[in-house]
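Asker: Sending over data.txt (compact mmCIF, C-alpha atoms).
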# COMPACT_ATOMS: atom_id res chain seq x y z
CA MET A 14 -26.43 175.63 -64.54
CA GLU A 15 -29.18 178.15 -64.99
CA GLY A 16 -31.31 179.23 -62.09
CA PHE A 17 -28.74 178.34 -59.45
CA THR A 18 -26.10 180.45 -57.75
CA GLU A 19 -22.59 178.99 -57.33
CA SER A 20 -23.13 178.28 -53.64
CA GLN A 21 -26.26 176.29 -54.52
CA ILE A 22 -24.20 173.91 -56.63
CA GLY A 23 -22.38 171.24 -54.67
CA ILE A 24 -19.59 168.82 -55.41
CA GLY A 25 -20.10 165.55 -53.57
CA LEU A 26 -16.99 163.90 -52.16
CA THR A 27 -17.28 160.16 -52.19
CA SER A 28 -13.63 159.30 -52.58
CA THR A 29 -11.30 159.02 -49.61
CA ARG A 30 -8.19 159.51 -51.74
CA GLU A 31 -6.33 162.55 -50.51
CA SER A 32 -5.32 163.68 -54.02
CA THR A 33 -8.93 163.57 -55.28
CA ILE A 34 -10.18 165.46 -52.24
CA ALA A 35 -7.48 168.11 -52.66
CA ILE A 36 -8.26 168.60 -56.37
CA LEU A 37 -12.01 168.83 -55.80
CA GLY A 38 -11.45 171.13 -52.83
CA ILE A 39 -9.36 173.54 -54.91
CA PHE A 40 -11.88 173.33 -57.75
CA SER A 41 -14.86 174.16 -55.53
CA GLY A 42 -12.90 176.94 -53.80
CA LEU A 43 -11.96 178.55 -57.12
CA PHE A 44 -15.50 178.52 -58.52
CA GLY A 45 -17.26 179.24 -55.25
CA LEU A 46 -19.09 175.92 -55.26
CA CYS A 47 -20.24 174.06 -52.19
CA LEU A 48 -18.20 171.02 -51.12
CA LEU A 49 -20.30 168.15 -49.76
CA TYR A 50 -18.75 165.41 -47.65
CA TYR A 51 -20.63 162.39 -46.38
CA ILE A 52 -19.97 161.29 -42.80
CA PRO A 53 -21.20 157.73 -42.18
CA PRO A 54 -23.15 156.91 -38.98
CA ARG A 55 -21.07 155.78 -36.02
CA GLY A 56 -22.12 152.94 -33.74
CA GLU A 57 -25.66 151.77 -33.10
CA GLY A 58 -28.27 154.47 -33.53
CA GLY A 59 -25.70 156.88 -34.91
CA GLU A 60 -26.76 159.45 -37.47
CA GLU A 61 -25.29 159.93 -40.89
CA LYS A 62 -24.41 163.49 -41.78
CA VAL A 63 -23.51 165.53 -44.79
CA LEU A 64 -20.97 168.24 -44.26
CA ALA A 65 -21.56 171.24 -46.53
CA LEU A 66 -18.60 173.59 -46.85
CA VAL A 67 -19.07 176.85 -48.75
CA ASP A 68 -16.49 179.23 -47.33
CA PRO A 69 -13.10 178.84 -49.14
CA ASP A 70 -11.39 179.12 -45.72
CA ASP A 71 -13.40 176.13 -44.52
CA ILE A 72 -12.60 174.15 -47.66
CA TRP A 73 -8.88 174.89 -47.32
CA GLY A 74 -9.11 174.08 -43.63
CA PHE A 75 -10.89 170.80 -44.37
CA ILE A 76 -8.11 169.64 -46.73
CA GLU A 77 -5.34 170.73 -44.37
CA PHE A 78 -7.12 169.16 -41.42
CA ARG A 79 -7.26 165.78 -43.17
CA ASN A 80 -3.56 166.13 -43.87
CA GLY A 81 -2.94 166.83 -40.17
CA ILE A 82 -4.87 163.74 -39.10
CA THR A 83 -3.01 161.56 -41.62
CA ASN A 84 0.31 162.78 -40.19
CA PHE A 85 -0.87 162.30 -36.62
CA ASN A 86 -2.04 158.74 -37.26
CA SER A 87 1.24 157.98 -39.08
CA LEU A 88 3.03 159.04 -35.88
CA GLU A 89 4.48 162.17 -37.55
CA PHE A 90 3.57 164.29 -34.54
CA GLU A 91 5.87 167.21 -35.34
CA ARG A 92 4.29 167.73 -38.76
CA ALA A 93 0.78 167.23 -37.34
CA MET A 94 1.48 169.84 -34.66
CA GLU A 95 2.58 172.35 -37.30
CA ILE A 96 -0.51 171.74 -39.42
CA PHE A 97 -3.00 172.00 -36.54
CA GLY A 98 -1.24 175.09 -35.20
CA LYS A 99 -1.21 176.85 -38.57
CA LEU A 100 -4.82 175.90 -39.19
CA GLN A 101 -5.86 177.34 -35.86
CA GLU A 102 -4.10 180.63 -36.59
CA LYS A 103 -5.27 181.11 -40.17
CA ALA A 104 -8.72 179.58 -40.47
CA THR A 105 -11.06 182.27 -39.25
CA SER A 106 -14.43 180.73 -39.95
CA ILE A 107 -13.93 177.17 -38.66
CA LYS A 108 -16.38 176.42 -35.86
CA GLY A 109 -14.30 174.00 -33.84
CA LYS A 110 -11.17 176.12 -33.58
CA ARG A 111 -10.69 175.28 -29.91
CA ILE A 112 -10.44 171.58 -30.79
CA LEU A 113 -7.62 172.44 -33.18
CA ASP A 114 -5.76 173.95 -30.26
CA VAL A 115 -6.32 170.72 -28.31
CA LEU A 116 -5.02 168.65 -31.24
CA ALA A 117 -1.91 170.83 -31.60
CA LEU A 118 -1.22 170.38 -27.88
CA LEU A 119 -1.86 166.65 -28.11
CA SER A 120 0.59 166.31 -31.01
CA LYS A 121 3.20 168.13 -28.94
CA ALA A 122 2.51 165.91 -25.91
CA TYR A 123 2.83 162.74 -28.00
CA LEU A 124 6.00 164.08 -29.61
CA TYR A 125 7.53 164.35 -26.13
CA TRP A 126 6.15 161.00 -25.09
CA ASP A 127 7.52 159.31 -28.19
CA SER A 128 10.97 160.71 -27.28
CA PHE A 129 10.65 159.37 -23.69
CA ARG A 130 10.33 162.88 -22.27
CA TYR A 131 7.71 161.79 -19.79
CA GLU A 132 7.61 164.87 -17.57
CA GLU A 133 7.03 167.27 -20.48
CA ALA A 134 4.54 164.89 -22.07
CA TRP A 135 2.60 164.68 -18.81
CA ARG A 136 2.49 168.47 -18.51
CA LYS A 137 1.31 168.95 -22.10
CA LEU A 138 -1.31 166.22 -21.81
CA ASN A 139 -2.68 167.84 -18.67
CA GLN A 140 -2.94 171.16 -20.52
CA CYS A 141 -4.64 169.34 -23.35
CA ILE A 142 -7.21 167.82 -21.00
CA ALA A 143 -7.88 171.18 -19.36
CA ARG A 144 -8.52 172.81 -22.75
CA LEU A 145 -10.68 169.92 -23.90
CA GLN A 146 -12.75 170.16 -20.75
CA GLU A 147 -13.56 173.79 -21.64
CA CYS A 148 -15.11 172.78 -24.95
CA LEU A 149 -16.47 169.36 -24.07
CA VAL A 150 -20.10 170.44 -24.52
CA GLU A 151 -19.62 171.27 -28.19
CA CYS A 152 -17.92 167.88 -28.79
CA GLY A 153 -20.84 165.67 -27.74
CA ALA A 154 -20.57 162.00 -26.71
CA GLU A 155 -17.63 161.28 -29.01
CA GLY A 156 -15.68 164.11 -27.43
CA ARG A 157 -16.23 162.53 -24.04
CA ASP A 158 -14.78 159.19 -25.27
CA PHE A 159 -11.77 161.08 -26.54
CA PHE A 160 -11.49 162.83 -23.17
CA GLU A 161 -11.61 159.50 -21.29
CA SER A 162 -8.86 158.02 -23.49
CA LEU A 163 -6.64 161.01 -22.81
CA LYS A 164 -7.27 160.69 -19.09
CA LYS A 165 -6.03 157.09 -19.26
CA ASN A 166 -2.85 158.32 -20.95
CA VAL A 167 -2.37 160.89 -18.18
CA ASP A 168 -2.90 158.21 -15.52
CA PHE A 169 -0.18 156.14 -17.10
CA LEU A 170 2.31 159.02 -17.28
CA GLU A 171 1.40 159.88 -13.71
CA SER A 172 2.35 156.33 -12.65
CA ILE A 173 5.68 156.64 -14.45
CA ARG A 174 6.40 159.88 -12.59
CA SER A 175 5.50 158.84 -9.12
CA ASP A 176 4.70 155.17 -8.71
CA ASP A 177 7.21 152.84 -7.04
CA LYS A 178 6.69 150.48 -9.98
CA SER A 179 7.65 153.12 -12.54
CA LYS A 180 10.43 150.93 -13.98
CA LEU A 181 7.89 148.21 -14.57
CA PHE A 182 5.56 150.59 -16.41
CA ILE A 183 8.41 151.92 -18.53
CA THR A 184 8.94 148.40 -19.90
CA VAL A 185 5.46 148.51 -21.47
CA ASP A 186 6.02 151.97 -22.85
CA LEU A 187 9.33 150.92 -24.34
CA TRP A 188 7.71 147.91 -25.97
CA LEU A 189 4.87 150.03 -27.38
CA ASN A 190 7.42 152.55 -28.64
CA GLY A 191 9.18 149.69 -30.41
CA MET A 192 5.88 148.66 -31.99
CA ARG A 193 5.34 152.20 -33.24
CA ARG A 194 8.79 152.11 -34.87
CA TYR A 195 7.88 148.74 -36.36
CA TYR A 196 4.71 150.19 -37.93
CA GLN A 197 6.84 153.00 -39.35
CA LYS A 198 9.05 150.30 -40.92
CA LYS A 199 11.99 151.36 -38.77
CA CYS A 200 12.91 147.79 -37.86
CA VAL A 201 16.37 148.51 -36.44
CA ASP A 202 14.93 151.13 -34.07
CA ALA A 203 12.20 148.67 -33.12
CA ILE A 204 14.66 145.86 -32.35
CA ILE A 205 16.80 148.16 -30.19
CA ARG A 206 13.72 149.04 -28.14
CA PHE A 207 12.68 145.41 -27.75
CA TYR A 208 16.15 144.44 -26.52
CA ARG A 209 16.11 147.38 -24.12
CA THR A 210 12.73 146.20 -22.86
CA LEU A 211 14.26 142.83 -21.96
CA GLU A 212 17.18 144.57 -20.30
CA LEU A 213 14.78 146.71 -18.31
CA CYS A 214 12.84 143.62 -17.22
CA ALA A 215 16.11 142.20 -15.86
CA GLN A 216 16.92 145.53 -14.17
CA TYR A 217 13.53 145.55 -12.53
CA ARG A 218 14.05 142.03 -11.15
CA LEU A 219 17.50 143.01 -9.87
CA THR A 220 16.03 146.07 -8.13
CA LYS A 221 13.59 143.76 -6.36
CA ARG A 222 16.62 141.87 -5.00
CA GLY A 223 18.18 145.08 -3.76
CA ILE A 224 20.62 145.53 -6.65
CA ASN A 225 20.16 148.98 -8.14
CA THR A 226 21.31 149.63 -11.68
CA PRO A 227 21.05 153.02 -13.41
CA LEU A 228 18.00 153.46 -15.63
CA GLN A 229 19.81 155.31 -18.44
CA MET B 21 12.16 132.67 -39.05
CA ALA B 22 12.76 133.93 -35.57
CA LEU B 23 15.93 132.55 -34.05
CA SER B 24 15.39 133.89 -30.61
CA ARG B 25 15.65 131.42 -27.80
CA LEU B 26 14.08 132.72 -24.68
CA MET B 27 14.58 130.85 -21.48
CA HIS B 28 12.83 131.35 -18.25
CA SER B 29 15.04 129.81 -15.57
CA ARG B 30 14.03 128.73 -12.09
CA ASN B 31 14.99 132.04 -10.46
CA ASN B 32 13.13 134.09 -13.09
CA CYS B 33 16.29 135.24 -14.85
CA ILE B 34 15.70 135.90 -18.53
CA LEU B 35 18.30 134.92 -21.13
CA VAL B 36 18.15 135.84 -24.78
CA HIS B 37 20.56 134.68 -27.45
CA GLY B 38 20.91 133.87 -31.12
CA PHE B 39 18.61 136.48 -32.56
CA ASN B 40 18.87 137.41 -36.19
CA VAL B 41 16.79 140.05 -37.98
CA THR B 42 16.04 139.09 -41.54
CA SER B 43 12.53 140.40 -42.18
CA ASP B 44 9.62 142.42 -40.82
CA HIS B 45 8.01 139.15 -39.86
CA THR B 46 10.97 138.20 -37.68
CA VAL B 47 10.79 141.55 -35.90
CA LEU B 48 7.12 141.06 -35.15
CA GLU B 49 7.77 137.55 -33.89
CA PHE B 50 10.47 138.86 -31.58
CA ALA B 51 8.12 141.62 -30.40
CA LYS B 52 5.52 139.01 -29.47
CA GLU B 53 8.08 137.00 -27.54
CA VAL B 54 9.18 140.07 -25.62
CA GLU B 55 5.55 140.87 -24.87
CA ALA B 56 5.03 137.34 -23.54
CA ILE B 57 7.89 137.96 -21.10
CA LEU B 58 6.33 141.28 -20.10
CA GLU B 59 3.07 139.51 -19.36
CA VAL B 60 4.89 137.03 -17.11
CA LEU B 61 6.67 139.85 -15.31
CA PHE B 62 3.40 141.73 -14.74
CA THR B 63 1.70 138.57 -13.49
CA THR B 64 4.45 138.02 -10.92
CA GLU B 65 3.93 141.63 -9.79
CA ASN B 66 0.13 141.24 -9.62
CA VAL B 67 -0.39 144.08 -12.07
CA ASN B 68 -2.93 143.83 -14.89
CA TYR B 69 -0.83 143.98 -18.05
CA THR B 70 -3.72 144.63 -20.46
CA ASP B 71 -4.97 147.52 -18.37
CA ILE B 72 -1.55 149.19 -18.29
CA LYS B 73 -1.04 148.58 -21.99
CA THR B 74 -4.37 150.27 -22.78
CA LYS B 75 -3.44 153.27 -20.66
CA ALA B 76 -0.03 153.51 -22.33
CA THR B 77 -1.37 153.33 -25.87
CA ILE B 78 -1.26 156.49 -27.90
CA ILE B 79 -4.67 157.20 -29.38
CA THR B 80 -5.43 157.58 -33.06
CA LEU B 81 -7.73 160.27 -34.38
CA ASP B 82 -11.00 159.42 -36.05
CA ARG B 83 -11.29 161.60 -39.14
CA ASP B 84 -15.07 161.51 -39.50
CA THR B 85 -15.75 162.26 -35.84
CA LEU B 86 -13.39 165.21 -35.84
CA ASN B 87 -14.66 166.49 -39.19
CA HIS B 88 -18.11 166.59 -37.66
CA ILE B 89 -16.97 168.33 -34.46
CA ILE B 90 -14.83 170.92 -36.21
CA PHE B 91 -16.73 171.67 -39.40
CA GLY B 92 -20.24 170.40 -38.60
In structure tokens, what does this structure look like?
Answerer:
Amino acid sequence: MEGFTESQIGIGLTSTRESTIAILGIFSGLFGLCLLYYIPPRGEGGEEKVLALVDPDDIWGFIEFRNGITNFNSLEFERAMEIFGKLQEKATSIKGKRILDVLALLSKAYLYWDSFRYEEAWRKLNQCIARLQECLVECGAEGRDFFESLKKNVDFLESIRSDDKSKLFITVDLWLNGMRRYYQKKCVDAIIRFYRTLELCAQYRLTKRGINTPLQ
Amino acid sequence: MALSRLMHSRNNCILVHGFNVTSDHTVLEFAKEVEAILEVLFTTENVNYTDIKTKATIITLDRDTLNHIIFG
């Protein structure tokens, strides 16, 4: 295209298919073209935005970041943690690098939580909140919602650690863990957790009658 | 078809028997039954089940929001 430099030519991303985004990302990176991504408005009065990525590091980061989020939302926390961590180390020009650190920590915390390692999960989530607090200004209102949700998670883990009703709260966590296994199509794992939830309910009732049974 | 038979006896003892897993649907049905028992247990303890469930739920990441924060 005559009269335009490469960075003045943009490729618009309208597809949400990961393969298409990856191919177009590589294409724009190779030819030095700008990658345009449309972000729809959120909530009432929200603004729509167009993300323009020119730097190849940003384009690579954008593709990897999407991959990280997909893994996180599919409950593959270990893989998500690796991706966010690597991205944070290698991507030099990404503006929100501190958020990547928060996401890597959050993936680690959830990995512990998903394995019933409550103490470690609580510690990591607290670290995560502390780091997020440092960069809350650059996150805007949506960052604050995210922060509040994490605080609720911390409150829950706090109750499991110290509350006299911790056994009761573990029943809910066990049930939710079973649901996560169900969504991952791991039905046997899910069933085991649901049965254990029932067992724990019975244990809790027995404890109330002065009969203590071991938790493990 | 879920084959679980859940009984709530007079002294709040919970009995489960005759469960057979044959499909995803059965698992989900069983999950709902277990959750119903949890709700009863929380009610007897005067604890708000929905509130605790919200606090215990792992969050999911919103791609567009984070794209904006990180790359915007």
Asker: Would you place a box with edges along x, y and z of the file around all atoms of segment 42-56 of chain B listed there, add 5 Å to each of its six sides, and report the centre and edge lengths in Å to one decimal, as lines of an AutoDock Vina configuration file?
Answerer:
center_x = 10.5
center_y = 139.7
center_z = -32.9
size_x = 21.0
size_y = 15.4
size_z = 28.6
Asker: Which residue is closest to Leu124 of chain A? Choose from B:Ile78, B:Leu48, B:Asp71, B:Ile90 and count only C-alpha atoms.
Answerer: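 Checking each candidate against Leu124 of chain A, we get B:Ile78 as the closest.
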Asker: Show me, as an MDAnalysis selection string, every residue of chain A with an atom at most 8 Å from chain B, counting all atoms listed in the file.
Answerer: chainID A and resid 52:53 64 66 71 75 79 82 85:86 107:110 112:113 123 151:152 155 162:163 165:166 168:170 181:182 184:186 188:189 192 195 198 200 203:204 207 210:211 214:215
Asker: Using atom CA of Ser120 of chain A and atom CA of Gly74 of chain A as the two end points, give the distance in Å to one decimal.
Answerer: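 About the pair atom CA of Ser120 of chain A and atom CA of Gly74 of chain A: they are 17.7 Å apart.
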Asker: Kindly give the distance, in Å, that separates atom CA of Ser172 of chain A and atom CA of Glu132 of chain A, rounded to a single decimal.
Answerer: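 A separation of 11.2 Å between them.
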Asker: Find the distance between atom CA of Asp176 of chain A and atom CA of Phe160 of chain A and write it in Å to one decimal.
Answerer: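 Result for atom CA of Asp176 of chain A versus atom CA of Phe160 of chain A: 23.0 Å, one decimal.
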Asker: Skipping near chain neighbours, those fewer than 2 positions away, what residues fall within 6 Å of Ala117 of chain A using all atoms listed in the file, listed as a list in words?
Answerer: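 Once the nearby chain positions are removed, what remains is Met94, Phe97, Gly98, Asp114, Val115, Leu119 and Ser120 of chain A.
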Asker: Selection from above, C-alpha atoms, as a PDB file, in the frame of the given file, can you write it?
Answerer:
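Okay, result_39.pdb is ready:
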ATOM      1  CA  MET A  94       1.480 169.840 -34.660  1.00  0.00           C
ATOM      2  CA  PHE A  97      -3.000 172.000 -36.540  1.00  0.00           C
ATOM      3  CA  GLY A  98      -1.240 175.090 -35.200  1.00  0.00           C
ATOM      4  CA  ASP A 114      -5.760 173.950 -30.260  1.00  0.00           C
ATOM      5  CA  VAL A 115      -6.320 170.720 -28.310  1.00  0.00           C
ATOM      6  CA  LEU A 119      -1.860 166.650 -28.110  1.00  0.00           C
ATOM      7  CA  SER A 120       0.590 166.310 -31.010  1.00  0.00           C
TER       8      SER A 120
END
Asker: Please write segment 160-172 of chain A of the preceding block to a file containing all heavy atoms, as a PDB file, in the first residue's frame?
Answerer:
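Output saved as out-v3.pdb:
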ATOM      1  N   PHE A 160     -10.149  -6.903  42.937  1.00  0.00           N
ATOM      2  CA  PHE A 160      -9.549  -6.821  44.278  1.00  0.00           C
ATOM      3  C   PHE A 160     -10.560  -7.283  45.338  1.00  0.00           C
ATOM      4  O   PHE A 160     -10.231  -8.074  46.227  1.00  0.00           O
ATOM      5  CB  PHE A 160      -9.103  -5.373  44.526  1.00  0.00           C
ATOM      6  CG  PHE A 160      -8.446  -5.138  45.848  1.00  0.00           C
ATOM      7  CD1 PHE A 160      -7.136  -5.547  46.072  1.00  0.00           C
ATOM      8  CD2 PHE A 160      -9.115  -4.493  46.874  1.00  0.00           C
ATOM      9  CE1 PHE A 160      -6.526  -5.334  47.293  1.00  0.00           C
ATOM     10  CE2 PHE A 160      -8.514  -4.271  48.099  1.00  0.00           C
ATOM     11  CZ  PHE A 160      -7.207  -4.691  48.306  1.00  0.00           C
ATOM     12  N   GLU A 161     -11.799  -6.793  45.227  1.00  0.00           N
ATOM     13  CA  GLU A 161     -12.840  -7.157  46.200  1.00  0.00           C
ATOM     14  C   GLU A 161     -13.137  -8.661  46.164  1.00  0.00           C
ATOM     15  O   GLU A 161     -13.314  -9.292  47.204  1.00  0.00           O
ATOM     16  CB  GLU A 161     -14.139  -6.370  45.927  1.00  0.00           C
ATOM     17  CG  GLU A 161     -14.059  -4.890  46.248  1.00  0.00           C
ATOM     18  CD  GLU A 161     -13.603  -4.590  47.679  1.00  0.00           C
ATOM     19  OE1 GLU A 161     -14.045  -5.287  48.602  1.00  0.00           O
ATOM     20  OE2 GLU A 161     -12.788  -3.667  47.854  1.00  0.00           O
ATOM     21  N   SER A 162     -13.157  -9.241  44.957  1.00  0.00           N
ATOM     22  CA  SER A 162     -13.413 -10.681  44.834  1.00  0.00           C
ATOM     23  C   SER A 162     -12.297 -11.476  45.508  1.00  0.00           C
ATOM     24  O   SER A 162     -12.557 -12.477  46.178  1.00  0.00           O
ATOM     25  CB  SER A 162     -13.486 -11.098  43.362  1.00  0.00           C
ATOM     26  OG  SER A 162     -14.433 -10.343  42.704  1.00  0.00           O
ATOM     27  N   LEU A 163     -11.073 -11.019  45.315  1.00  0.00           N
ATOM     28  CA  LEU A 163      -9.941 -11.722  45.940  1.00  0.00           C
ATOM     29  C   LEU A 163     -10.006 -11.617  47.460  1.00  0.00           C
ATOM     30  O   LEU A 163      -9.675 -12.568  48.167  1.00  0.00           O
ATOM     31  CB  LEU A 163      -8.606 -11.148  45.447  1.00  0.00           C
ATOM     32  CG  LEU A 163      -8.207 -11.479  44.015  1.00  0.00           C
ATOM     33  CD1 LEU A 163      -6.817 -10.963  43.716  1.00  0.00           C
ATOM     34  CD2 LEU A 163      -8.244 -12.977  43.760  1.00  0.00           C
ATOM     35  N   LYS A 164     -10.451 -10.460  47.930  1.00  0.00           N
ATOM     36  CA  LYS A 164     -10.561 -10.275  49.387  1.00  0.00           C
ATOM     37  C   LYS A 164     -11.584 -11.248  49.982  1.00  0.00           C
ATOM     38  O   LYS A 164     -11.393 -11.777  51.077  1.00  0.00           O
ATOM     39  CB  LYS A 164     -10.941  -8.832  49.710  1.00  0.00           C
ATOM     40  CG  LYS A 164      -9.698  -7.982  50.014  1.00  0.00           C
ATOM     41  CD  LYS A 164      -9.994  -6.542  50.191  1.00  0.00           C
ATOM     42  CE  LYS A 164     -10.702  -6.196  51.482  1.00  0.00           C
ATOM     43  NZ  LYS A 164     -10.958  -4.753  51.586  1.00  0.00           N
ATOM     44  N   LYS A 165     -12.648 -11.512  49.215  1.00  0.00           N
ATOM     45  CA  LYS A 165     -13.665 -12.478  49.675  1.00  0.00           C
ATOM     46  C   LYS A 165     -13.042 -13.876  49.778  1.00  0.00           C
ATOM     47  O   LYS A 165     -13.299 -14.607  50.734  1.00  0.00           O
ATOM     48  CB  LYS A 165     -14.845 -12.513  48.694  1.00  0.00           C
ATOM     49  CG  LYS A 165     -15.790 -11.365  48.890  1.00  0.00           C
ATOM     50  CD  LYS A 165     -16.959 -11.464  47.935  1.00  0.00           C
ATOM     51  CE  LYS A 165     -17.832 -10.222  48.057  1.00  0.00           C
ATOM     52  NZ  LYS A 165     -18.831 -10.126  47.015  1.00  0.00           N
ATOM     53  N   ASN A 166     -12.231 -14.219  48.782  1.00  0.00           N
ATOM     54  CA  ASN A 166     -11.527 -15.514  48.810  1.00  0.00           C
ATOM     55  C   ASN A 166     -10.641 -15.612  50.045  1.00  0.00           C
ATOM     56  O   ASN A 166     -10.612 -16.639  50.725  1.00  0.00           O
ATOM     57  CB  ASN A 166     -10.633 -15.663  47.569  1.00  0.00           C
ATOM     58  CG  ASN A 166     -11.379 -16.088  46.323  1.00  0.00           C
ATOM     59  OD1 ASN A 166     -10.798 -16.151  45.255  1.00  0.00           O
ATOM     60  ND2 ASN A 166     -12.648 -16.388  46.426  1.00  0.00           N
ATOM     61  N   VAL A 167      -9.918 -14.532  50.342  1.00  0.00           N
ATOM     62  CA  VAL A 167      -9.023 -14.521  51.503  1.00  0.00           C
ATOM     63  C   VAL A 167      -9.825 -14.682  52.793  1.00  0.00           C
ATOM     64  O   VAL A 167      -9.447 -15.445  53.681  1.00  0.00           O
ATOM     65  CB  VAL A 167      -8.161 -13.239  51.536  1.00  0.00           C
ATOM     66  CG1 VAL A 167      -7.399 -13.122  52.841  1.00  0.00           C
ATOM     67  CG2 VAL A 167      -7.178 -13.237  50.391  1.00  0.00           C
ATOM     68  N   ASP A 168     -10.961 -13.990  52.869  1.00  0.00           N
ATOM     69  CA  ASP A 168     -11.842 -14.100  54.047  1.00  0.00           C
ATOM     70  C   ASP A 168     -12.234 -15.551  54.276  1.00  0.00           C
ATOM     71  O   ASP A 168     -12.239 -16.037  55.401  1.00  0.00           O
ATOM     72  CB  ASP A 168     -13.137 -13.293  53.834  1.00  0.00           C
ATOM     73  CG  ASP A 168     -12.915 -11.817  54.035  1.00  0.00           C
ATOM     74  OD1 ASP A 168     -11.812 -11.451  54.493  1.00  0.00           O
ATOM     75  OD2 ASP A 168     -13.831 -11.033  53.727  1.00  0.00           O
ATOM     76  N   PHE A 169     -12.576 -16.216  53.181  1.00  0.00           N
ATOM     77  CA  PHE A 169     -13.007 -17.609  53.295  1.00  0.00           C
ATOM     78  C   PHE A 169     -11.860 -18.493  53.817  1.00  0.00           C
ATOM     79  O   PHE A 169     -12.044 -19.290  54.736  1.00  0.00           O
ATOM     80  CB  PHE A 169     -13.494 -18.124  51.928  1.00  0.00           C
ATOM     81  CG  PHE A 169     -13.864 -19.573  51.958  1.00  0.00           C
ATOM     82  CD1 PHE A 169     -15.062 -19.978  52.532  1.00  0.00           C
ATOM     83  CD2 PHE A 169     -13.020 -20.545  51.452  1.00  0.00           C
ATOM     84  CE1 PHE A 169     -15.397 -21.318  52.599  1.00  0.00           C
ATOM     85  CE2 PHE A 169     -13.351 -21.891  51.514  1.00  0.00           C
ATOM     86  CZ  PHE A 169     -14.547 -22.273  52.078  1.00  0.00           C
ATOM     87  N   LEU A 170     -10.678 -18.323  53.216  1.00  0.00           N
ATOM     88  CA  LEU A 170      -9.534 -19.143  53.650  1.00  0.00           C
ATOM     89  C   LEU A 170      -9.156 -18.824  55.095  1.00  0.00           C
ATOM     90  O   LEU A 170      -8.726 -19.694  55.839  1.00  0.00           O
ATOM     91  CB  LEU A 170      -8.332 -18.928  52.715  1.00  0.00           C
ATOM     92  CG  LEU A 170      -8.504 -19.513  51.305  1.00  0.00           C
ATOM     93  CD1 LEU A 170      -7.332 -19.146  50.418  1.00  0.00           C
ATOM     94  CD2 LEU A 170      -8.650 -21.027  51.350  1.00  0.00           C
ATOM     95  N   GLU A 171      -9.342 -17.571  55.455  1.00  0.00           N
ATOM     96  CA  GLU A 171      -9.091 -17.143  56.831  1.00  0.00           C
ATOM     97  C   GLU A 171     -10.032 -17.908  57.781  1.00  0.00           C
ATOM     98  O   GLU A 171      -9.597 -18.394  58.826  1.00  0.00           O
ATOM     99  CB  GLU A 171      -9.386 -15.637  56.923  1.00  0.00           C
ATOM    100  CG  GLU A 171      -8.954 -14.993  58.193  1.00  0.00           C
ATOM    101  CD  GLU A 171      -7.622 -14.278  58.053  1.00  0.00           C
ATOM    102  OE1 GLU A 171      -7.388 -13.662  57.005  1.00  0.00           O
ATOM    103  OE2 GLU A 171      -6.838 -14.369  59.004  1.00  0.00           O
ATOM    104  N   SER A 172     -11.307 -18.032  57.387  1.00  0.00           N
ATOM    105  CA  SER A 172     -12.269 -18.757  58.238  1.00  0.00           C
ATOM    106  C   SER A 172     -11.889 -20.232  58.356  1.00  0.00           C
ATOM    107  O   SER A 172     -12.076 -20.834  59.403  1.00  0.00           O
ATOM    108  CB  SER A 172     -13.691 -18.694  57.682  1.00  0.00           C
ATOM    109  OG  SER A 172     -13.899 -17.594  56.912  1.00  0.00           O
TER     110      SER A 172
END
